[in-house]
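A.B. asks: Sharing a structure here in structure tokens format.
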2 protein chains.
Amino acid sequence: MKLRVDLLPHGGYADTALVIDVLRATTTAVAYLERGAEGLLLTASPEVALSLKWQEGVHNEAGEPVRNEQYLLGGERGGLPITGFDFGNSPVEASQQNFTGKHIVMNTTNGTGAAHIAAQSATRVLLASLTNAHAAARRAKALAVDEIAIVCAGTDERVGLEDVYAAGVIAEYLLALGEFTVDDGARIALTLRRNMGNPLEALSSSTHGQVLERLGLGEDVRYASQVSESTVVPVLDEVQDIEGALRFVASV
Amino acid sequence: MKLRVDLLPHGGYADTALVIDVLRATTTAVAYLERGAEGLLLTASPEVALSLKWQEGVHNEAGEPVRNEQYLLGGERGGLPITGFDFGNSPVEASQQNFTGKHIVMNTTNGTGAAHIAAQSATRVLLASLTNAHAAARRAKALAVDEIAIVCAGTDERVGLEDVYAAGVIAEYLLALGEFTVDDGARIALTLRRNMGNPLEALSSSTHGQVLERLGLGEDVRYASQVSESTVVPVLDEVQDIEGALRFVASV
């Protein structure tokens, strides 16, 4: 089997794709499902997310729009919450709530876009982070026929150390699960994983880790550095019924 | 000073950019200038290169177009020579000729495009390879005010191990020349350079190195693995008078 690591989303995935945005979208996605969410809707834009917030054409007695109770909105731009959203993009915040019966509508700067790029071509799309690294590797190995592509979201179209490091962790698990021919990206990710200290050191020292620290979100970086604590893997659902949004559900 | 390594061309360079396409465009560019070429014209397309081959509107007695004697054309698509060009993109071939008085018109799959992206924003653009790594680092350090950006050309919009490795070699030289704050890309390149064996091992094992080997161009890979053999650094000239082409001249 082939193992391909794209250090930035490229497209052209023929088989199984694992999308990684460690800081923080895919880490948070895993946390939402861990905490009982029925599904995730990764939208192509904040506008699509906001359009799901209210029941279309329905108003209460005071003429105000009525909330769509099944949906909660989570997301960020530049690390900060989006106006009108219920949550930021924080795995720590997500891990402290109960989302039973809810769908979380997510839109973030890089991670949700990477998922949309992957979904254009891949036959299966999973979301991976350090927190579900081992489970994601096992699930991808079980699903893939010919190729596993690990797609690093990066930050604003530039390579993010934290994503490549996490890709290396998952690649290492995959190599333990079977025979793979690896591409240049996989070799770079593996070299990084084997030589760049422990996960917390790698994530804390990354450009984006330092940005989050400065925004007072260092706890999220520490949360995201936990390896294989969760067995939940968000998988692109077969049912896709909302325009501009990708539905992911938990696969354990 | 800031050191930035883009694992793929991104754009938005405010200061000095070093463009790397180790296999093989920038290695060959250095070889052309080593062998006496007056300048290099990196064109935006093969068509621009071919338009420079003949004297515009001039025909001989037999009605045939007349060659522009000052220009020789070198380039490749998918590793193979382009129809109508004089040379492929081989540093070995280039190193065996005498180009005194000639301009080499170059067009290649990735390297010339990366140079054009860099030239859109950078105030100075240099071409770097392993063969001129130390000279390129010193020249960039002498020119840069605030930031040195090393721009890896990659292969067909995917990261190439050989370019990132060479970026690490140059980054290592730069760190010995002064104080730098390094970005994620620079840290990835440095980690690769320090942990991935010698240059020949790195280049030979890269996807593109293996493609060239299969095409019978393994000698070029070995040539490109030589470190700091040349002190010639191609520098974007201040005089740019040909539409769609960037003129580089030797800076020693």
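Residue names in the structure tokens use chain letters A, B, ... in the order shown, residue numbers from 1 in each chain, and ligand numbers from 1 in the order shown.
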Excluding same-chain residues fewer than 4 positions from segment 71-87 of chain A, what lies within 9 Å of it counting only C-alpha atoms, as an MDAnalysis selection string?

C.D. replies: chainID A and resid 24:25 46 49:50 52:54 67 93:94 99 102:109 211:212 215 217

A.B. asks: Run DSSP on the backbone and tell me which residues of segment 7-252 of chain B come out as strand (DSSP E); list them as a PyMOL selection string.

C.D. replies: chain B and resi 16-20+39-43+54-59+65-67+71-77+80-81+103-107+124-128+147-152+181-182+233-236+245-251

A.B. asks: With 8 Å as the limit and counting only C-alpha atoms, what residues in chain A lie close to chain B? Please list them as an MDAnalysis selection string.

C.D. replies: chainID A and resid 6:7 10 157:161 183:185 188 191:192 195:196 206:207

A.B. asks: Please provide as a PyMOL selection string all residues within 12 Å of Gly113 of chain A, with the sequence filter that same-chain residues fewer than 3 positions apart are discarded (counting only C-alpha atoms).

C.D. replies: chain A and resi 8-11+19-21+25-26+42-46+106-110+116-120+151-157+244-246

A.B. asks: Among the residues of segment 7-145 of chain B, find those DSSP assigns to helix (DSSP H, G or I) from the backbone and print them as an MDAnalysis selection string.

C.D. replies: chainID B and resid 25:34 46:51 91:95 111:121 133:143

A.B. asks: Need to verify the contact set: Ala133 of chain A, 8 Å, only C-alpha atoms, exclusion of same-chain residues closer than 2 positions in sequence. Can you return it as a VMD selection string?

C.D. replies: chain A and resid 128 to 131 135 to 137 166 169 to 170 227 to 228

A.B. asks: Keeping only all heavy atoms, write the selected residues as a compact mmCIF listing (two decimals), in the first residue's frame.

C.D. replies:
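Just written: selection15.txt:
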```
# COMPACT_ATOMS: atom_id res chain seq x y z
N ALA A 128 -8.13 13.42 11.69
CA ALA A 128 -7.14 12.88 12.62
C ALA A 128 -6.44 14.00 13.37
O ALA A 128 -6.32 15.12 12.88
CB ALA A 128 -6.12 12.03 11.87
N SER A 129 -6.00 13.65 14.56
CA SER A 129 -5.26 14.58 15.41
C SER A 129 -4.25 13.73 16.18
O SER A 129 -4.17 12.52 15.98
CB SER A 129 -6.23 15.28 16.38
OG SER A 129 -6.94 14.30 17.14
N LEU A 130 -3.47 14.34 17.05
CA LEU A 130 -2.64 13.50 17.91
C LEU A 130 -3.53 12.71 18.87
O LEU A 130 -3.26 11.55 19.18
CB LEU A 130 -1.64 14.35 18.70
CG LEU A 130 -0.41 14.79 17.91
CD1 LEU A 130 0.44 15.76 18.73
CD2 LEU A 130 0.45 13.57 17.51
N THR A 131 -4.61 13.34 19.34
CA THR A 131 -5.43 12.71 20.38
C THR A 131 -6.08 11.40 19.92
O THR A 131 -6.34 10.53 20.74
CB THR A 131 -6.55 13.67 20.87
OG1 THR A 131 -7.31 14.12 19.75
CG2 THR A 131 -5.95 14.87 21.60
N ALA A 135 -6.03 5.36 16.71
CA ALA A 135 -7.33 4.92 16.19
C ALA A 135 -7.50 5.34 14.73
O ALA A 135 -8.01 4.58 13.90
CB ALA A 135 -8.46 5.49 17.05
N ALA A 136 -7.05 6.54 14.41
CA ALA A 136 -7.18 7.04 13.03
C ALA A 136 -6.33 6.20 12.08
O ALA A 136 -6.76 5.87 10.96
CB ALA A 136 -6.78 8.51 12.96
N ALA A 137 -5.12 5.84 12.52
CA ALA A 137 -4.25 5.02 11.68
C ALA A 137 -4.89 3.65 11.44
O ALA A 137 -4.94 3.16 10.30
CB ALA A 137 -2.88 4.87 12.35
N ALA A 166 2.40 15.56 13.63
CA ALA A 166 1.30 14.61 13.86
C ALA A 166 1.19 13.61 12.71
O ALA A 166 0.93 12.42 12.93
CB ALA A 166 -0.02 15.36 14.04
N VAL A 169 3.59 10.98 13.44
CA VAL A 169 3.13 10.04 14.48
C VAL A 169 2.20 9.00 13.85
O VAL A 169 2.33 7.79 14.09
CB VAL A 169 2.41 10.81 15.61
CG1 VAL A 169 1.73 9.84 16.58
CG2 VAL A 169 3.41 11.71 16.35
N ILE A 170 1.27 9.47 13.02
CA ILE A 170 0.32 8.54 12.39
C ILE A 170 1.04 7.64 11.38
O ILE A 170 0.77 6.43 11.30
CB ILE A 170 -0.82 9.34 11.71
CG1 ILE A 170 -1.65 10.03 12.80
CG2 ILE A 170 -1.70 8.43 10.86
CD1 ILE A 170 -2.64 11.04 12.28
N VAL A 227 -1.37 12.11 23.10
CA VAL A 227 -1.32 11.16 21.98
C VAL A 227 -2.23 9.95 22.25
O VAL A 227 -2.10 9.29 23.28
CB VAL A 227 0.12 10.69 21.72
CG1 VAL A 227 0.16 9.66 20.60
CG2 VAL A 227 1.00 11.89 21.36
N SER A 228 -3.12 9.71 21.30
CA SER A 228 -3.95 8.49 21.29
C SER A 228 -4.76 8.29 22.57
O SER A 228 -4.92 7.17 23.05
CB SER A 228 -3.07 7.24 21.01
OG SER A 228 -2.36 7.42 19.80
```

A.B. asks: I'd like the contact shell of Met1 of chain A - 8 Å cut-off, only C-alpha atoms, skipping same-chain residues fewer than 4 positions apart - returned as a VMD selection string.

C.D. replies: chain A and resid 145 to 148 179 to 181

A.B. asks: Write a file of the selected residues as a PDB file, in the first residue's frame, keeping all heavy atoms.

C.D. replies:
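Below is the file that was written, again10.pdb:
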```pdb
ATOM      1  N   VAL A 145      -7.703   0.755   0.257  1.00  0.00           N
ATOM      2  CA  VAL A 145      -7.459  -0.341  -0.677  1.00  0.00           C
ATOM      3  C   VAL A 145      -6.028  -0.252  -1.215  1.00  0.00           C
ATOM      4  O   VAL A 145      -5.295  -1.235  -1.248  1.00  0.00           O
ATOM      5  CB  VAL A 145      -8.461  -0.272  -1.850  1.00  0.00           C
ATOM      6  CG1 VAL A 145      -8.175  -1.371  -2.865  1.00  0.00           C
ATOM      7  CG2 VAL A 145      -9.892  -0.366  -1.328  1.00  0.00           C
ATOM      8  N   ASP A 146      -5.640   0.956  -1.595  1.00  0.00           N
ATOM      9  CA  ASP A 146      -4.392   1.130  -2.342  1.00  0.00           C
ATOM     10  C   ASP A 146      -3.506   2.225  -1.783  1.00  0.00           C
ATOM     11  O   ASP A 146      -2.280   2.165  -1.886  1.00  0.00           O
ATOM     12  CB  ASP A 146      -4.780   1.486  -3.792  1.00  0.00           C
ATOM     13  CG  ASP A 146      -3.590   1.591  -4.697  1.00  0.00           C
ATOM     14  OD1 ASP A 146      -2.774   0.650  -4.681  1.00  0.00           O
ATOM     15  OD2 ASP A 146      -3.461   2.613  -5.389  1.00  0.00           O
ATOM     16  N   GLU A 147      -4.121   3.265  -1.188  1.00  0.00           N
ATOM     17  CA  GLU A 147      -3.335   4.420  -0.744  1.00  0.00           C
ATOM     18  C   GLU A 147      -3.980   5.099   0.457  1.00  0.00           C
ATOM     19  O   GLU A 147      -5.190   5.287   0.491  1.00  0.00           O
ATOM     20  CB  GLU A 147      -3.217   5.457  -1.875  1.00  0.00           C
ATOM     21  CG  GLU A 147      -2.444   6.711  -1.473  1.00  0.00           C
ATOM     22  CD  GLU A 147      -2.410   7.774  -2.582  1.00  0.00           C
ATOM     23  OE1 GLU A 147      -1.488   7.705  -3.411  1.00  0.00           O
ATOM     24  OE2 GLU A 147      -3.292   8.662  -2.601  1.00  0.00           O
ATOM     25  N   ILE A 148      -3.145   5.465   1.420  1.00  0.00           N
ATOM     26  CA  ILE A 148      -3.584   6.365   2.499  1.00  0.00           C
ATOM     27  C   ILE A 148      -2.861   7.686   2.290  1.00  0.00           C
ATOM     28  O   ILE A 148      -1.633   7.729   2.196  1.00  0.00           O
ATOM     29  CB  ILE A 148      -3.255   5.790   3.890  1.00  0.00           C
ATOM     30  CG1 ILE A 148      -4.038   4.486   4.110  1.00  0.00           C
ATOM     31  CG2 ILE A 148      -3.565   6.806   4.983  1.00  0.00           C
ATOM     32  CD1 ILE A 148      -3.673   3.761   5.398  1.00  0.00           C
ATOM     33  N   GLU A 179       2.905  -3.063   5.342  1.00  0.00           N
ATOM     34  CA  GLU A 179       3.940  -2.634   4.405  1.00  0.00           C
ATOM     35  C   GLU A 179       3.460  -1.418   3.627  1.00  0.00           C
ATOM     36  O   GLU A 179       2.355  -1.436   3.100  1.00  0.00           O
ATOM     37  CB  GLU A 179       4.243  -3.758   3.409  1.00  0.00           C
ATOM     38  CG  GLU A 179       4.918  -4.959   4.005  1.00  0.00           C
ATOM     39  CD  GLU A 179       6.426  -4.739   4.154  1.00  0.00           C
ATOM     40  OE1 GLU A 179       7.035  -4.185   3.218  1.00  0.00           O
ATOM     41  OE2 GLU A 179       6.981  -5.118   5.203  1.00  0.00           O
ATOM     42  N   PHE A 180       4.288  -0.397   3.565  1.00  0.00           N
ATOM     43  CA  PHE A 180       3.933   0.795   2.788  1.00  0.00           C
ATOM     44  C   PHE A 180       5.127   1.254   1.960  1.00  0.00           C
ATOM     45  O   PHE A 180       6.266   1.163   2.411  1.00  0.00           O
ATOM     46  CB  PHE A 180       3.550   1.953   3.726  1.00  0.00           C
ATOM     47  CG  PHE A 180       2.196   1.820   4.357  1.00  0.00           C
ATOM     48  CD1 PHE A 180       2.050   1.166   5.582  1.00  0.00           C
ATOM     49  CD2 PHE A 180       1.073   2.334   3.737  1.00  0.00           C
ATOM     50  CE1 PHE A 180       0.807   1.030   6.172  1.00  0.00           C
ATOM     51  CE2 PHE A 180      -0.175   2.202   4.325  1.00  0.00           C
ATOM     52  CZ  PHE A 180      -0.308   1.551   5.540  1.00  0.00           C
ATOM     53  N   THR A 181       4.841   1.751   0.754  1.00  0.00           N
ATOM     54  CA  THR A 181       5.839   2.557   0.069  1.00  0.00           C
ATOM     55  C   THR A 181       5.522   4.003   0.432  1.00  0.00           C
ATOM     56  O   THR A 181       4.368   4.423   0.391  1.00  0.00           O
ATOM     57  CB  THR A 181       5.776   2.383  -1.464  1.00  0.00           C
ATOM     58  OG1 THR A 181       4.455   2.710  -1.909  1.00  0.00           O
ATOM     59  CG2 THR A 181       6.095   0.951  -1.854  1.00  0.00           C
TER      60      THR A 181
END
```

A.B. asks: May I ask for the distance between atom CA of Ala149 of chain A and atom CA of Ala14 of chain A, given in Å to one decimal place?

C.D. replies: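 Taking atom CA of Ala149 of chain A as the start and atom CA of Ala14 of chain A as the end point, the length is 8.8 Å.
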
A.B. asks: Return the single residue from B:Gln240, B:Gln226, B:Thr231, B:Ser121 that is closest to Leu200 of chain B, with distances computed using only C-alpha atoms.

C.D. replies: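 Smallest distance to Leu200 of chain B is found for B:Gln226.
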
A.B. asks: Report, in Å to a single decimal, how far apart atom CA of Val92 of chain B and atom CA of Glu219 of chain B are.

C.D. replies: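 Taking atom CA of Glu219 of chain B as the start and atom CA of Val92 of chain B as the end point, the length is 7.1 Å.
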
A.B. asks: Counting only C-alpha atoms, figure out which residue out of A:Asn60, A:Gln210, A:Ser95, A:Thr16 gets nearest to Ala144 of chain A.

C.D. replies: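 Among A:Asn60, A:Gln210, A:Ser95, A:Thr16, it is A:Thr16 that comes nearest to Ala144 of chain A.
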
A.B. asks: Can you work out the spacing between atom CA of Arg138 of chain B and atom CA of Val221 of chain B in Å, to one decimal?

C.D. replies: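 Interatomic distance, atom CA of Arg138 of chain B to atom CA of Val221 of chain B: 24.4 Å.
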